[in-house]
Amino acid sequence: MPQIAQLAATYSSQIFWLLLTFGFVFFVIGLGMVPKVQSTVDARDAKIAEDLATAKASFARADELEEQNRARDAEARASAQAIVAAAKAKAAKDAEKKVAAEDKKIAAKLAEAEAAIAAASAKALAEIEAVSAEAAQDMVARISGVSITPDAAKTAVKAALNG
(Lines give C-alpha, C1' and ligand atoms only; values in the text may rest on other atoms or scores of the structure.)
Protein backbone atom coordinates (compact mmCIF):
# COMPACT_ATOMS: atom_id res chain seq x y z
CA MET A 1 0.00 0.00 0.00
CA PRO A 2 1.43 3.23 -1.06
CA GLN A 3 -0.44 5.34 1.48
CA ILE A 4 1.21 3.55 4.38
CA ALA A 5 4.62 3.81 2.73
CA GLN A 6 4.24 7.60 2.47
CA LEU A 7 3.46 7.85 6.13
CA ALA A 8 7.06 7.38 7.18
CA ALA A 9 8.22 10.09 4.79
CA THR A 10 5.64 12.70 5.88
CA TYR A 11 5.54 11.75 9.55
CA SER A 12 8.01 14.30 10.78
CA SER A 13 6.46 17.19 8.81
CA GLN A 14 2.94 16.28 10.08
CA ILE A 15 4.16 16.25 13.67
CA PHE A 16 5.82 19.64 13.10
CA TRP A 17 2.63 21.18 11.71
CA LEU A 18 0.55 19.54 14.43
CA LEU A 19 2.76 21.00 17.16
CA LEU A 20 2.80 24.38 15.43
CA THR A 21 -1.03 24.41 15.13
CA PHE A 22 -1.57 23.28 18.72
CA GLY A 23 1.01 25.81 19.93
CA PHE A 24 -0.72 28.57 17.99
CA VAL A 25 -4.15 27.52 19.33
CA PHE A 26 -2.74 27.27 22.87
CA PHE A 27 -1.15 30.73 22.82
CA VAL A 28 -3.96 32.52 20.98
CA ILE A 29 -6.95 30.86 22.63
CA GLY A 30 -5.48 29.57 25.89
CA LEU A 31 -3.43 32.61 26.84
CA GLY A 32 -5.34 35.30 24.92
CA MET A 33 -9.04 34.47 24.95
CA VAL A 34 -9.54 32.21 27.96
CA PRO A 35 -8.40 34.84 30.53
CA LYS A 36 -10.85 37.35 29.02
CA VAL A 37 -13.66 34.82 29.08
CA GLN A 38 -12.70 33.76 32.61
CA SER A 39 -12.67 37.41 33.79
CA THR A 40 -16.13 37.90 32.24
CA VAL A 41 -17.42 34.75 34.00
CA ASP A 42 -15.87 35.92 37.29
CA ALA A 43 -17.42 39.37 36.88
CA ARG A 44 -20.79 37.78 36.15
CA ASP A 45 -20.48 35.49 39.18
CA ALA A 46 -19.54 38.48 41.34
CA LYS A 47 -22.53 40.45 40.02
CA ILE A 48 -24.86 37.51 40.67
CA ALA A 49 -23.47 37.11 44.19
CA GLU A 50 -23.88 40.85 44.79
CA ASP A 51 -27.44 40.77 43.45
CA LEU A 52 -28.25 37.77 45.65
CA ALA A 53 -26.82 39.53 48.68
CA THR A 54 -28.85 42.65 47.84
CA ALA A 55 -31.98 40.54 47.38
CA LYS A 56 -31.42 38.81 50.73
CA ALA A 57 -30.93 42.17 52.42
CA SER A 58 -34.08 43.49 50.72
CA PHE A 59 -36.05 40.45 51.83
CA ALA A 60 -34.77 40.88 55.37
CA ARG A 61 -35.73 44.57 55.32
CA ALA A 62 -39.15 43.72 53.87
CA ASP A 63 -39.70 41.15 56.63
CA GLU A 64 -38.67 43.72 59.21
CA LEU A 65 -41.05 46.32 57.76
CA GLU A 66 -43.84 43.76 57.61
CA GLU A 67 -43.29 42.91 61.27
CA GLN A 68 -43.36 46.61 62.16
CA ASN A 69 -46.59 47.03 60.21
CA ARG A 70 -48.11 44.04 61.99
CA ALA A 71 -47.11 45.52 65.34
CA ARG A 72 -48.64 48.88 64.36
CA ASP A 73 -51.80 47.15 63.17
CA ALA A 74 -52.05 45.23 66.44
CA GLU A 75 -51.60 48.46 68.42
CA ALA A 76 -54.19 50.26 66.31
CA ARG A 77 -56.60 47.34 66.65
CA ALA A 78 -56.12 47.28 70.43
CA SER A 79 -56.61 51.05 70.60
CA ALA A 80 -59.77 50.84 68.49
CA GLN A 81 -61.12 48.04 70.68
CA ALA A 82 -60.43 50.12 73.78
CA ILE A 83 -62.25 53.10 72.25
CA VAL A 84 -65.18 50.88 71.27
CA ALA A 85 -65.31 49.37 74.76
CA ALA A 86 -65.26 52.84 76.34
CA ALA A 87 -68.01 54.01 73.98
CA LYS A 88 -70.10 50.93 74.79
CA ALA A 89 -69.62 51.50 78.52
CA LYS A 90 -70.61 55.16 78.19
CA ALA A 91 -73.61 54.28 76.07
CA ALA A 92 -74.66 51.65 78.62
CA LYS A 93 -74.38 54.18 81.45
CA ASP A 94 -76.35 56.76 79.48
CA ALA A 95 -78.98 54.16 78.66
CA GLU A 96 -79.19 53.14 82.33
CA LYS A 97 -79.67 56.79 83.34
CA LYS A 98 -82.38 57.26 80.73
CA VAL A 99 -84.09 54.02 81.75
CA ALA A 100 -83.96 55.06 85.41
CA ALA A 101 -85.44 58.47 84.59
CA GLU A 102 -88.17 56.91 82.48
CA ASP A 103 -88.84 54.35 85.25
CA LYS A 104 -89.35 57.21 87.69
CA LYS A 105 -91.74 58.94 85.27
CA ILE A 106 -93.63 55.69 84.69
CA ALA A 107 -93.77 55.00 88.44
CA ALA A 108 -95.16 58.49 89.04
CA LYS A 109 -97.78 58.07 86.28
CA LEU A 110 -98.62 54.61 87.65
CA ALA A 111 -99.07 56.03 91.16
CA GLU A 112 -101.30 58.78 89.74
CA ALA A 113 -103.30 56.21 87.79
CA GLU A 114 -103.65 53.96 90.85
CA ALA A 115 -104.79 56.93 92.91
CA ALA A 116 -107.28 57.90 90.20
CA ILE A 117 -108.54 54.31 90.03
CA ALA A 118 -108.85 54.14 93.82
CA ALA A 119 -110.73 57.45 93.86
CA ALA A 120 -112.98 56.33 91.01
CA SER A 121 -113.54 52.98 92.77
CA ALA A 122 -114.41 54.72 96.03
CA LYS A 123 -116.72 57.12 94.22
CA ALA A 124 -118.36 54.26 92.34
CA LEU A 125 -118.73 52.28 95.57
CA ALA A 126 -120.29 55.30 97.26
CA GLU A 127 -122.66 55.76 94.34
CA ILE A 128 -123.46 52.04 94.37
CA GLU A 129 -124.19 52.24 98.10
CA ALA A 130 -126.41 55.26 97.54
CA VAL A 131 -128.27 53.66 94.64
CA SER A 132 -128.50 50.36 96.51
CA ALA A 133 -129.82 52.13 99.60
CA GLU A 134 -132.50 53.88 97.50
CA ALA A 135 -133.34 50.62 95.74
CA ALA A 136 -133.56 48.76 99.08
CA GLN A 137 -135.74 51.49 100.54
CA ASP A 138 -138.02 51.33 97.48
CA MET A 139 -138.17 47.51 97.51
CA VAL A 140 -139.02 47.35 101.21
CA ALA A 141 -141.75 49.93 100.66
CA ARG A 142 -143.27 48.03 97.74
CA ILE A 143 -142.95 44.55 99.18
CA SER A 144 -143.86 45.11 102.80
CA GLY A 145 -145.51 48.46 102.60
CA VAL A 146 -143.30 49.73 105.45
CA SER A 147 -141.33 52.91 104.94
CA ILE A 148 -137.73 52.93 106.24
CA THR A 149 -135.41 55.87 106.70
CA PRO A 150 -132.53 56.51 104.24
CA ASP A 151 -129.99 56.07 107.09
CA ALA A 152 -131.39 52.64 108.00
CA ALA A 153 -131.30 51.61 104.32
CA LYS A 154 -127.67 52.76 104.00
CA THR A 155 -126.67 50.85 107.16
CA ALA A 156 -128.35 47.69 105.89
CA VAL A 157 -126.68 47.99 102.47
CA LYS A 158 -123.23 48.54 104.05
CA ALA A 159 -123.72 45.52 106.27
CA ALA A 160 -124.72 43.41 103.24
CA LEU A 161 -121.77 44.63 101.12
CA ASN A 162 -119.16 44.18 103.86
CA GLY A 163 -120.44 40.92 105.23
# chains A, B, ... in the order shown; residues from 1 in each chain; ligands from 1
>>> residues_around(residues="range 133-143 of chain A", least_positions_apart="2", cutoff="9 Å", atoms="only C-alpha atoms", output="list in words")
Ile128, Glu129, Ala130, Val131, Gly145, Val146, Ser147, Ile148, Thr149, Pro150, Asp151, Ala152, Ala153, Lys154, Thr155, Ala156, Val157 and Lys158 of chain A
>>> atom_distance(atom1="CA of Ser79 in chain A", atom2="CA of Lys98 in chain A")
28.4 Å
